[in-house]
file coords.pdb (PDB, C-alpha atoms and all ligand atoms)
ATOM      1  CA  MET A 256       0.000   0.000   0.000
ATOM      2  CA  ASN A 257       1.281   3.493  -0.844
ATOM      3  CA  PRO A 258       2.161   5.844   2.024
ATOM      4  CA  PRO A 259      -0.390   8.647   2.565
ATOM      5  CA  PRO A 260       0.272  11.897   0.684
ATOM      6  CA  ASN A 261       2.254  14.560   2.541
ATOM      7  CA  PHE A 262       0.198  17.776   2.617
ATOM      8  CA  SER A 263       2.293  19.372   5.391
ATOM      9  CA  PRO A 264       4.426  21.614   3.130
ATOM     10  CA  LEU A 265       1.170  23.067   1.698
ATOM     11  CA  ALA A 266      -0.541  23.769   5.036
ATOM     12  CA  ARG A 267       0.121  27.529   5.115
ATOM     13  CA  LEU A 268      -0.383  28.049   1.392
ATOM     14  CA  TYR A 269      -3.384  25.784   0.968
ATOM     15  CA  ARG A 270      -6.091  28.403   1.463
ATOM     16  CA  TRP A 271      -4.447  30.824  -0.950
ATOM     17  CA  MET A 272      -3.955  28.133  -3.601
ATOM     18  CA  GLU A 273      -7.667  27.397  -3.315
ATOM     19  CA  TYR A 274      -8.812  31.041  -3.532
ATOM     20  CA  PHE A 275      -6.530  31.563  -6.519
ATOM     21  CA  THR A 276      -7.996  28.593  -8.434
ATOM     22  CA  PHE A 277     -11.636  28.283  -7.298
ATOM     23  CA  GLY A 278     -12.364  31.535  -5.463
ATOM     24  CA  PRO A 279     -15.025  30.992  -2.770
ATOM     25  CA  PHE A 280     -16.695  28.003  -4.490
ATOM     26  CA  LEU A 281     -15.030  25.179  -2.546
ATOM     27  CA  GLN A 282     -15.999  26.820   0.746
ATOM     28  CA  PHE A 283     -19.587  27.307  -0.519
ATOM     29  CA  THR A 284     -19.596  23.588  -1.334
ATOM     30  CA  ARG A 285     -18.237  22.556   2.095
ATOM     31  CA  THR A 286     -20.807  24.601   3.972
ATOM     32  CA  ALA A 287     -23.852  23.832   1.776
ATOM     33  CA  PHE A 288     -25.540  21.695   4.461
ATOM     34  CA  LEU A 289     -24.180  23.447   7.550
ATOM     35  CA  ARG A 290     -27.652  24.417   8.745
ATOM     36  CA  ARG A 291     -28.664  20.727   8.758
ATOM     37  CA  LEU A 292     -25.822  19.933  11.187
ATOM     38  CA  THR A 293     -26.851  21.993  14.201
ATOM     39  CA  ARG A 294     -28.287  18.982  16.102
ATOM     40  CA  SER A 295     -25.174  16.837  15.789
ATOM     41  CA  ARG A 296     -23.222  16.285  19.009
ATOM     42  CA  ARG A 297     -20.253  14.077  18.127
ATOM     43  CA  ALA A 298     -18.538  14.517  14.799
ATOM     44  CA  LEU A 299     -15.801  12.751  12.949
ATOM     45  CA  VAL A 300     -14.093  15.192  10.591
ATOM     46  CA  LEU A 301     -11.695  13.438   8.233
ATOM     47  CA  GLY A 302      -8.917  15.157   6.288
ATOM     48  CA  ASP A 303     -10.217  18.687   6.860
ATOM     49  CA  GLY A 304      -6.847  20.165   5.986
ATOM     50  CA  ASP A 305      -6.402  23.634   7.482
ATOM     51  CA  GLY A 306      -9.778  23.393   9.204
ATOM     52  CA  ARG A 307     -12.024  25.905   7.505
ATOM     53  CA  PHE A 308     -15.028  23.583   7.669
ATOM     54  CA  THR A 309     -14.250  22.598  11.280
ATOM     55  CA  ALA A 310     -14.124  26.271  12.333
ATOM     56  CA  ARG A 311     -17.496  26.973  10.691
ATOM     57  CA  LEU A 312     -19.060  23.856  12.237
ATOM     58  CA  LEU A 313     -17.870  24.843  15.733
ATOM     59  CA  ARG A 314     -19.319  28.331  15.283
ATOM     60  CA  ALA A 315     -22.648  27.010  13.959
ATOM     61  CA  ASN A 316     -23.030  24.312  16.633
ATOM     62  CA  SER A 317     -22.013  25.280  20.163
ATOM     63  CA  ALA A 318     -22.529  21.758  21.586
ATOM     64  CA  ILE A 319     -20.590  19.669  19.105
ATOM     65  CA  GLN A 320     -17.433  17.700  19.995
ATOM     66  CA  ILE A 321     -15.128  16.848  17.110
ATOM     67  CA  ASP A 322     -12.619  14.096  16.461
ATOM     68  CA  ALA A 323     -10.444  15.362  13.601
ATOM     69  CA  VAL A 324      -8.268  12.822  11.778
ATOM     70  CA  ASP A 325      -5.515  13.769   9.346
ATOM     71  CA  SER A 326      -2.168  12.286   8.310
ATOM     72  CA  SER A 327      -0.533  15.750   8.271
ATOM     73  CA  SER A 328       0.620  17.238  11.586
ATOM     74  CA  SER A 329       0.883  20.724  10.022
ATOM     75  CA  MET A 330      -2.707  20.528   8.764
ATOM     76  CA  LEU A 331      -3.917  19.437  12.210
ATOM     77  CA  ALA A 332      -1.981  22.312  13.806
ATOM     78  CA  ALA A 333      -3.561  24.772  11.339
ATOM     79  CA  LEU A 334      -7.020  23.311  12.042
ATOM     80  CA  THR A 335      -6.526  23.706  15.809
ATOM     81  CA  ARG A 336      -5.209  27.295  15.438
ATOM     82  CA  ARG A 337      -8.122  28.272  13.244
ATOM     83  CA  ALA A 338     -10.654  26.997  15.807
ATOM     84  CA  GLY A 339      -9.314  29.571  18.324
ATOM     85  CA  PRO A 340     -11.078  29.401  21.709
ATOM     86  CA  GLN A 341     -13.328  26.586  20.404
ATOM     87  CA  ALA A 342     -10.310  24.277  20.036
ATOM     88  CA  SER A 343     -11.108  22.681  23.411
ATOM     89  CA  ARG A 344     -13.958  20.870  21.628
ATOM     90  CA  ILE A 345     -11.581  19.183  19.170
ATOM     91  CA  ARG A 346      -9.519  16.032  19.636
ATOM     92  CA  THR A 347      -6.943  15.607  16.908
ATOM     93  CA  HIS A 348      -5.692  12.244  15.645
ATOM     94  CA  LEU A 349      -2.568  12.098  13.529
ATOM     95  CA  ALA A 350      -3.230   8.965  11.483
ATOM     96  CA  ASP A 351      -3.582   7.436   8.068
ATOM     97  CA  ILE A 352      -7.357   7.013   7.786
ATOM     98  CA  ARG A 353      -6.889   3.726   5.954
ATOM     99  CA  PHE A 354      -5.739   2.178   9.263
ATOM    100  CA  TRP A 355      -7.520   4.351  11.833
ATOM    101  CA  GLN A 356     -10.061   2.662  14.065
ATOM    102  CA  PRO A 357     -12.997   4.814  15.287
ATOM    103  CA  LEU A 358     -12.622   5.326  19.040
ATOM    104  CA  GLY A 359     -16.164   4.193  19.824
ATOM    105  CA  ILE A 360     -15.558   0.644  18.615
ATOM    106  CA  LEU A 361     -12.186  -0.116  20.138
ATOM    107  CA  GLU A 362     -13.755  -2.556  22.591
ATOM    108  CA  SER A 363     -14.671  -6.041  21.438
ATOM    109  CA  PRO A 364     -18.431  -6.640  20.873
ATOM    110  CA  GLY A 365     -18.448  -8.920  23.956
ATOM    111  CA  ALA A 366     -16.878  -6.255  26.174
ATOM    112  CA  ARG A 367     -19.368  -3.745  24.820
ATOM    113  CA  ALA A 368     -22.359  -5.966  25.690
ATOM    114  CA  HIS A 369     -21.219  -6.301  29.318
ATOM    115  CA  SER A 370     -20.159  -2.692  29.793
ATOM    116  CA  ALA A 371     -22.385  -0.467  31.941
ATOM    117  CA  ALA A 372     -21.171   2.664  30.126
ATOM    118  CA  PRO A 373     -23.130   3.419  26.950
ATOM    119  CA  LEU A 374     -21.112   3.297  23.772
ATOM    120  CA  VAL A 375     -20.799   6.797  22.377
ATOM    121  CA  LEU A 376     -21.600   6.797  18.699
ATOM    122  CA  TYR A 377     -20.757   9.513  16.215
ATOM    123  CA  ASP A 378     -23.738  11.309  14.698
ATOM    124  CA  LEU A 379     -21.843  13.149  11.979
ATOM    125  CA  VAL A 380     -19.041  12.376   9.535
ATOM    126  CA  ALA A 381     -17.592  15.134   7.340
ATOM    127  CA  THR A 382     -15.305  14.542   4.373
ATOM    128  CA  HIS A 383     -14.711  17.573   2.177
ATOM    129  CA  PHE A 384     -12.494  17.052  -0.869
ATOM    130  CA  PHE A 385     -10.948  14.160   1.037
ATOM    131  CA  LEU A 386     -12.430  10.949  -0.402
ATOM    132  CA  ASP A 387     -10.663  11.881  -3.646
ATOM    133  CA  CYS A 388      -7.368  11.048  -1.871
ATOM    134  CA  LEU A 389      -8.557   7.407  -1.668
ATOM    135  CA  SER A 390      -9.357   4.664  -4.173
ATOM    136  CA  THR A 391     -12.901   3.284  -4.488
ATOM    137  CA  ALA A 392     -11.848   0.157  -2.536
ATOM    138  CA  GLU A 393     -10.360   2.348   0.226
ATOM    139  CA  VAL A 394     -13.555   4.452   0.472
ATOM    140  CA  ALA A 395     -15.605   1.238   0.648
ATOM    141  CA  ALA A 396     -13.374  -0.159   3.429
ATOM    142  CA  LEU A 397     -13.546   3.161   5.311
ATOM    143  CA  ALA A 398     -17.353   3.360   5.105
ATOM    144  CA  ALA A 399     -17.732  -0.243   6.302
ATOM    145  CA  ARG A 400     -15.269   0.373   9.186
ATOM    146  CA  LEU A 401     -16.997   3.584  10.302
ATOM    147  CA  ARG A 402     -20.565   2.312  10.015
ATOM    148  CA  PRO A 403     -20.693   0.402  13.365
ATOM    149  CA  ALA A 404     -19.399   3.533  15.148
ATOM    150  CA  LEU A 405     -22.286   5.674  13.862
ATOM    151  CA  ALA A 406     -25.718   6.275  15.360
ATOM    152  CA  PRO A 407     -28.683   5.319  13.103
ATOM    153  CA  SER A 408     -29.474   9.047  12.871
ATOM    154  CA  ALA A 409     -25.919   9.899  11.781
ATOM    155  CA  LEU A 410     -25.316  12.091   8.755
ATOM    156  CA  TRP A 411     -22.302  12.059   6.446
ATOM    157  CA  VAL A 412     -21.572  15.265   4.537
ATOM    158  CA  VAL A 413     -19.432  14.896   1.440
ATOM    159  CA  SER A 414     -17.949  17.548  -0.843
ATOM    160  CA  GLU A 415     -16.333  16.331  -4.021
ATOM    161  CA  PHE A 416     -15.336  17.107  -7.544
ATOM    162  CA  ALA A 417     -17.464  15.404 -10.188
ATOM    163  CA  ILE A 418     -17.511  14.897 -13.950
ATOM    164  CA  PRO A 419     -20.926  16.043 -15.210
ATOM    165  CA  PRO A 420     -22.370  14.628 -18.444
ATOM    166  CA  GLY A 421     -22.013  16.582 -21.686
ATOM    167  CA  TRP A 422     -19.369  19.016 -22.878
ATOM    168  CA  GLN A 423     -18.825  20.521 -19.430
ATOM    169  CA  GLY A 424     -17.652  17.081 -18.351
ATOM    170  CA  SER A 425     -15.432  16.216 -21.285
ATOM    171  CA  LEU A 426     -14.033  19.695 -22.040
ATOM    172  CA  ILE A 427     -13.761  21.206 -18.566
ATOM    173  CA  ALA A 428     -14.160  18.799 -15.644
ATOM    174  CA  ARG A 429     -12.125  15.867 -16.976
ATOM    175  CA  PRO A 430      -8.999  17.899 -17.927
ATOM    176  CA  LEU A 431      -9.295  20.030 -14.775
ATOM    177  CA  ILE A 432      -9.465  16.993 -12.476
ATOM    178  CA  LYS A 433      -6.601  15.331 -14.341
ATOM    179  CA  CYS A 434      -4.553  18.493 -13.853
ATOM    180  CA  LEU A 435      -5.404  18.620 -10.122
ATOM    181  CA  TYR A 436      -4.342  14.990  -9.650
ATOM    182  CA  LEU A 437      -1.070  15.586 -11.514
ATOM    183  CA  SER A 438      -0.322  18.705  -9.433
ATOM    184  CA  PHE A 439      -1.112  17.058  -6.093
ATOM    185  CA  GLY A 440       0.791  13.954  -7.191
ATOM    186  CA  LEU A 441       3.877  16.126  -7.708
ATOM    187  CA  LEU A 442       3.391  18.333  -4.633
ATOM    188  CA  THR A 443       2.322  15.733  -2.050
ATOM    189  CA  GLY A 444       3.111  12.308  -3.503
ATOM    190  CA  LEU A 445      -0.611  11.471  -3.789
ATOM    191  CA  ALA A 446      -0.749   8.156  -5.660
ATOM    192  CA  VAL A 447      -4.472   8.166  -6.546
ATOM    193  CA  ARG A 448      -5.103   9.361 -10.109
ATOM    194  CA  ALA A 449      -8.900   9.257 -10.520
ATOM    195  CA  LEU A 450     -11.994  10.168  -8.541
ATOM    196  CA  PRO A 451     -13.241   7.196  -6.526
ATOM    197  CA  GLY A 452     -16.787   5.918  -6.974
ATOM    198  CA  HIS A 453     -17.670   7.138  -3.494
ATOM    199  CA  SER A 454     -21.473   6.910  -4.030
ATOM    200  CA  SER A 455     -21.447   3.176  -4.752
ATOM    201  CA  ALA A 456     -19.015   2.625  -1.865
ATOM    202  CA  LEU A 457     -21.256   4.473   0.612
ATOM    203  CA  ARG A 458     -24.375   2.701  -0.652
ATOM    204  CA  ALA A 459     -22.678  -0.688  -0.299
ATOM    205  CA  ALA A 460     -21.987   0.141   3.371
ATOM    206  CA  GLY A 461     -25.675   0.922   3.932
ATOM    207  CA  PHE A 462     -25.732   4.722   3.572
ATOM    208  CA  THR A 463     -28.585   6.502   1.780
ATOM    209  CA  LEU A 464     -28.276   9.736  -0.166
ATOM    210  CA  LEU A 465     -30.666  12.365   1.255
ATOM    211  CA  ASN A 466     -29.730  15.447  -0.734
ATOM    212  CA  ARG A 467     -27.289  16.571  -3.423
ATOM    213  CA  ARG A 468     -26.440  20.054  -4.649
ATOM    214  CA  SER A 469     -24.044  20.994  -7.383
ATOM    215  CA  ARG A 470     -22.125  24.115  -8.378
ATOM    216  CA  LEU A 471     -20.010  25.256 -11.303
ATOM    217  CA  ALA A 472     -22.102  23.309 -13.846
ATOM    218  CA  GLY A 473     -21.863  20.099 -11.799
ATOM    219  CA  ILE A 474     -18.082  20.102 -11.261
ATOM    220  CA  LEU A 475     -18.508  20.547  -7.490
ATOM    221  CA  VAL A 476     -21.045  18.544  -5.495
ATOM    222  CA  SER A 477     -22.231  18.667  -1.885
ATOM    223  CA  GLU A 478     -24.004  15.570  -0.619
ATOM    224  CA  LEU A 479     -25.838  14.666   2.560
ATOM    225  CA  TRP A 480     -25.968  10.931   3.356
ATOM    226  CA  SER A 481     -27.804   9.143   6.136
ATOM    227  CA  ALA A 482     -26.465   6.129   8.028
ATOM    228  CA  GLY A 483     -29.841   4.596   8.906
ATOM    229  CA  PRO A 484     -30.168   1.422  11.001
ATOM    230  CA  LEU A 485     -27.247  -0.978  11.021
ATOM    231  CA  HIS A 486     -28.126  -4.107   9.021
ATOM    232  CA  PRO A 487     -25.911  -7.193   9.182
ATOM    233  CA  ALA A 488     -25.275  -6.842   5.417
ATOM    234  CA  SER A 489     -23.724  -3.386   5.851
ATOM    235  CA  THR A 490     -20.987  -4.749   8.115
ATOM    236  CA  ALA A 491     -20.328  -7.833   6.008
ATOM    237  CA  ALA A 492     -17.353  -6.136   4.285
ATOM    238  CA  GLU A 493     -15.552  -5.724   7.621
ATOM    239  CA  PRO A 494     -12.538  -7.934   8.264
TER     240      PRO A 494
HETATM  241  C1  LIG A 501      -7.057  17.578  -0.601
HETATM  242  S1  LIG A 501      -6.834  17.966   1.115
HETATM  243  C2  LIG A 501      -8.474  18.484   1.511
HETATM  244  C3  LIG A 501      -8.481  19.402   2.672
HETATM  245  C4  LIG A 501      -9.846  19.929   3.075
HETATM  246  N1  LIG A 501     -10.734  18.865   3.500
HETATM  247  C5  LIG A 501     -10.513  20.737   2.002
HETATM  248  O1  LIG A 501     -11.735  20.698   1.918
HETATM  249  O2  LIG A 501      -9.825  21.419   1.276
HETATM  250  C6  LIG A 501      -6.755  16.369   1.811
HETATM  251  C7  LIG A 501      -6.500  16.343   3.335
HETATM  252  O3  LIG A 501      -6.608  14.987   3.746
HETATM  253  C8  LIG A 501      -5.413  14.569   4.369
HETATM  254  N2  LIG A 501      -5.187  13.159   3.939
HETATM  255  C9  LIG A 501      -4.954  12.707   2.687
HETATM  256  N3  LIG A 501      -4.846  11.372   2.680
HETATM  257  C10 LIG A 501      -5.024  10.971   3.966
HETATM  258  C11 LIG A 501      -5.043   9.707   4.619
HETATM  259  N4  LIG A 501      -4.833   8.561   3.954
HETATM  260  N5  LIG A 501      -5.259   9.664   5.959
HETATM  261  C12 LIG A 501      -5.482  10.799   6.659
HETATM  262  N6  LIG A 501      -5.477  12.030   6.102
HETATM  263  C13 LIG A 501      -5.248  12.114   4.773
HETATM  264  C14 LIG A 501      -4.333  15.520   3.908
HETATM  265  O4  LIG A 501      -3.272  15.616   4.847
HETATM  266  C15 LIG A 501      -5.115  16.815   3.745
HETATM  267  O5  LIG A 501      -5.184  17.526   4.955
END
call {"tool": "encode", "arguments": {"input": "coords.pdb", "output": "structure tokens", "more": "lines below"}}
Ligand SMILES: C[S@@+](CC[C@H](N)C(=O)[O-])C[C@H]1O[C@@H](n2cnc3c(N)ncnc32)[C@H](O)[C@@H]1O
result
Amino acid sequence: MNPPPNFSPLARLYRWMEYFTFGPFLQFTRTAFLRRLTRSRRALVLGDGDGRFTARLLRANSAIQIDAVDSSSSMLAALTRRAGPQASRIRTHLADIRFWQPLGILESPGARAHSAAPLVLYDLVATHFFLDCLSTAEVAALAARLRPALAPSALWVVSEFAIPPGWQGSLIARPLIKCLYLSFGLLTGLAVRALPGHSSALRAAGFTLLNRRSRLAGILVSELWSAGPLHPASTAAEP
């Protein structure tokens, strides 16, 4: 398996690179469903980079506690700085998400059944422009691993690039996304070269798409997924 990409050298520049290329549109995409997240209490924020979504979520929801996972220490430091006084509600985890185990399911199922303490489940997962750092198989494994650590009411917000049908897809989105992958491959060592099929991976793990909005002629999408009840079939992919 390839090592995770190294985004640390980009941590301070990242925001400016984004504004220069996409203006405010990526941030609009990240925050599209923010108002639907005000009831969440325990969030898992994966690969949030310099933490612009995390900071907005903390401001919008004064009760939320966040576990933020990223393989870059500089990105996690930037995320914590950006949260300011709200940083006490964040726990950071420096880890490659492909191997990270959600904290709520560290105990064995037997230990859980006999424990008096209730198992705390996450009720929100956020991945903004992060699943595109993984292959389809890695997204599928991640979704199956996270699913038992999520409450039935849990939401998963996703922001991603997409290739819309028609000329916008073939003439704009496809070359643009290829260019982004080449650039990040050179700058961070990212080995992935194509968008994963994250929708099929999430569906296979039992998630249901509730809402989808797109911007820039369908090149940027915001999605809201629901975990729903845990069926035995949705954990079948777990090792
Ligand atoms: C493309 S940036 C996206 C940052 C931010 N979410 C945004 O919306 O711009 C990807 C982030 O995910 C982190 N990352 C990439 N691969 C990872 C992995 N396998 N495990 C954990 N973090 C990873 C990077 O360090 C970086 O902070």
call {"tool": "axis_aligned_box", "arguments": {"input": "coords.pdb", "around": "ligand LIG 501 (chain A)", "padding_each_side": "3 Å", "output": "AutoDock Vina command-line options"}}
result
--center_x -7.5 --center_y 15.0 --center_z 3.0 --size_x 14.5 --size_y 18.9 --size_z 13.3
call {"tool": "atom_distance", "arguments": {"input": "coords.pdb", "atom1": "atom CA of Gly461 of chain A", "atom2": "atom CA of Arg311 of chain A"}}
result
28.1 Å
call {"tool": "residues_near_ligand", "arguments": {"input": "coords.pdb", "ligand": "ligand LIG 501 (chain A)", "cutoff": "7 Å", "atoms": "all atoms listed in the file", "output": "ChimeraX atom specification"}}
result
/A:259-263,285,301-305,324-327,330,350-353,382-385,388-389
call {"tool": "write_last_selection", "arguments": {"input": "coords.pdb", "atoms": "C-alpha atoms", "output": "CSV table (one decimal), keeping the file's coordinate frame"}}
result
chain,number,residue,atom,x,y,z
A,259,PRO,CA,-0.4,8.6,2.6
A,260,PRO,CA,0.3,11.9,0.7
A,261,ASN,CA,2.3,14.6,2.5
A,262,PHE,CA,0.2,17.8,2.6
A,263,SER,CA,2.3,19.4,5.4
A,285,ARG,CA,-18.2,22.6,2.1
A,301,LEU,CA,-11.7,13.4,8.2
A,302,GLY,CA,-8.9,15.2,6.3
A,303,ASP,CA,-10.2,18.7,6.9
A,304,GLY,CA,-6.8,20.2,6.0
A,305,ASP,CA,-6.4,23.6,7.5
A,324,VAL,CA,-8.3,12.8,11.8
A,325,ASP,CA,-5.5,13.8,9.3
A,326,SER,CA,-2.2,12.3,8.3
A,327,SER,CA,-0.5,15.8,8.3
A,330,MET,CA,-2.7,20.5,8.8
A,350,ALA,CA,-3.2,9.0,11.5
A,351,ASP,CA,-3.6,7.4,8.1
A,352,ILE,CA,-7.4,7.0,7.8
A,353,ARG,CA,-6.9,3.7,6.0
A,382,THR,CA,-15.3,14.5,4.4
A,383,HIS,CA,-14.7,17.6,2.2
A,384,PHE,CA,-12.5,17.1,-0.9
A,385,PHE,CA,-10.9,14.2,1.0
A,388,CYS,CA,-7.4,11.0,-1.9
A,389,LEU,CA,-8.6,7.4,-1.7
call {"tool": "residues_near_point", "arguments": {"input": "coords.pdb", "point": "(-24.2, 3.0, 6.8)", "cutoff": "6 Å", "atoms": "all atoms listed in the file", "output": "mmCIF file with C-alpha atoms, in the frame of the given file"}}
result
data_model
loop_
_atom_site.group_PDB
_atom_site.id
_atom_site.type_symbol
_atom_site.label_atom_id
_atom_site.label_comp_id
_atom_site.auth_asym_id
_atom_site.auth_seq_id
_atom_site.Cartn_x
_atom_site.Cartn_y
_atom_site.Cartn_z
ATOM 1 C CA ARG A 402 -20.565 2.312 10.015
ATOM 2 C CA ALA A 460 -21.987 0.141 3.371
ATOM 3 C CA GLY A 461 -25.675 0.922 3.932
ATOM 4 C CA PHE A 462 -25.732 4.722 3.572
ATOM 5 C CA ALA A 482 -26.465 6.129 8.028
#
call {"tool": "residues_around", "arguments": {"input": "coords.pdb", "residues": "Phe283 of chain A", "least_positions_apart": "4", "cutoff": "12 Å", "atoms": "all atoms listed in the file", "output": "MDAnalysis selection string"}}
result
chainID A and resid 274 277:279 287:289 307:308 311 383 414:415 468:471 475:477
call {"tool": "residues_around", "arguments": {"input": "coords.pdb", "residues": "segment 446-459 of chain A", "least_positions_apart": "2", "cutoff": "6 Å", "atoms": "all atoms listed in the file", "output": "PyMOL selection string"}}
result
chain A and resi 387+390-391+395+436+461-462
call {"tool": "resolve_selection", "arguments": {"input": "coords.pdb", "expression": "the PyMOL selection byres (((chain A and resi 341) around 12) and not hetatm)", "output": "list in words"}}
result
Thr309, Ala310, Arg311, Leu312, Leu313, Arg314, Ala315, Asn316, Ser317, Ala318, Ile319, Gln320, Ile321, Leu334, Thr335, Arg336, Arg337, Ala338, Gly339, Pro340, Ala342, Ser343, Arg344, Ile345 and Arg346 of chain A
call {"tool": "closest_residue", "arguments": {"input": "coords.pdb", "among": "A:Arg297, A:Arg429, A:Arg291, A:His348", "to": "Asn466 of chain A", "atoms": "all atoms listed in the file"}}
result
A:Arg291
call {"tool": "resolve_selection", "arguments": {"input": "coords.pdb", "expression": "the PyMOL selection byres (((chain A and resi 407) around 6) and not hetatm)", "output": "ChimeraX atom specification"}}
result
/A:406,408-409,482-484
call {"tool": "closest_residue", "arguments": {"input": "coords.pdb", "among": "A:Ala323, A:Leu386, A:Ile474, A:Gly444", "to": "Pro419 of chain A", "atoms": "all atoms listed in the file"}}
result
A:Ile474
call {"tool": "residues_around", "arguments": {"input": "coords.pdb", "residues": "Ala428 of chain A", "least_positions_apart": "6", "cutoff": "9 Å", "atoms": "all atoms listed in the file", "output": "NGL selection string"}}
result
:A and (416-419 or 422 or 473-474)
call {"tool": "closest_residue", "arguments": {"input": "coords.pdb", "among": "A:Pro430, A:Pro357, A:Pro258, A:Pro264", "to": "Ser329 of chain A", "atoms": "only C-alpha atoms"}}
result
A:Pro264
call {"tool": "closest_residue", "arguments": {"input": "coords.pdb", "among": "A:Ala333, A:Val412, A:Ala399, A:Leu442", "to": "Val300 of chain A", "atoms": "only C-alpha atoms"}}
result
A:Val412
call {"tool": "atom_distance", "arguments": {"input": "coords.pdb", "atom1": "atom CA of Arg270 of chain A", "atom2": "atom CA of Glu393 of chain A"}}
result
26.4 Å
call {"tool": "resolve_selection", "arguments": {"input": "coords.pdb", "expression": "the PyMOL selection byres (((chain A and resi 463) around 6) and not hetatm)", "output": "list in words"}}
result
Phe462, Leu464, Trp480 and Ser481 of chain A
call {"tool": "atom_distance", "arguments": {"input": "coords.pdb", "atom1": "atom CA of Ser295 of chain A", "atom2": "atom CA of Val380 of chain A"}}
result
9.8 Å
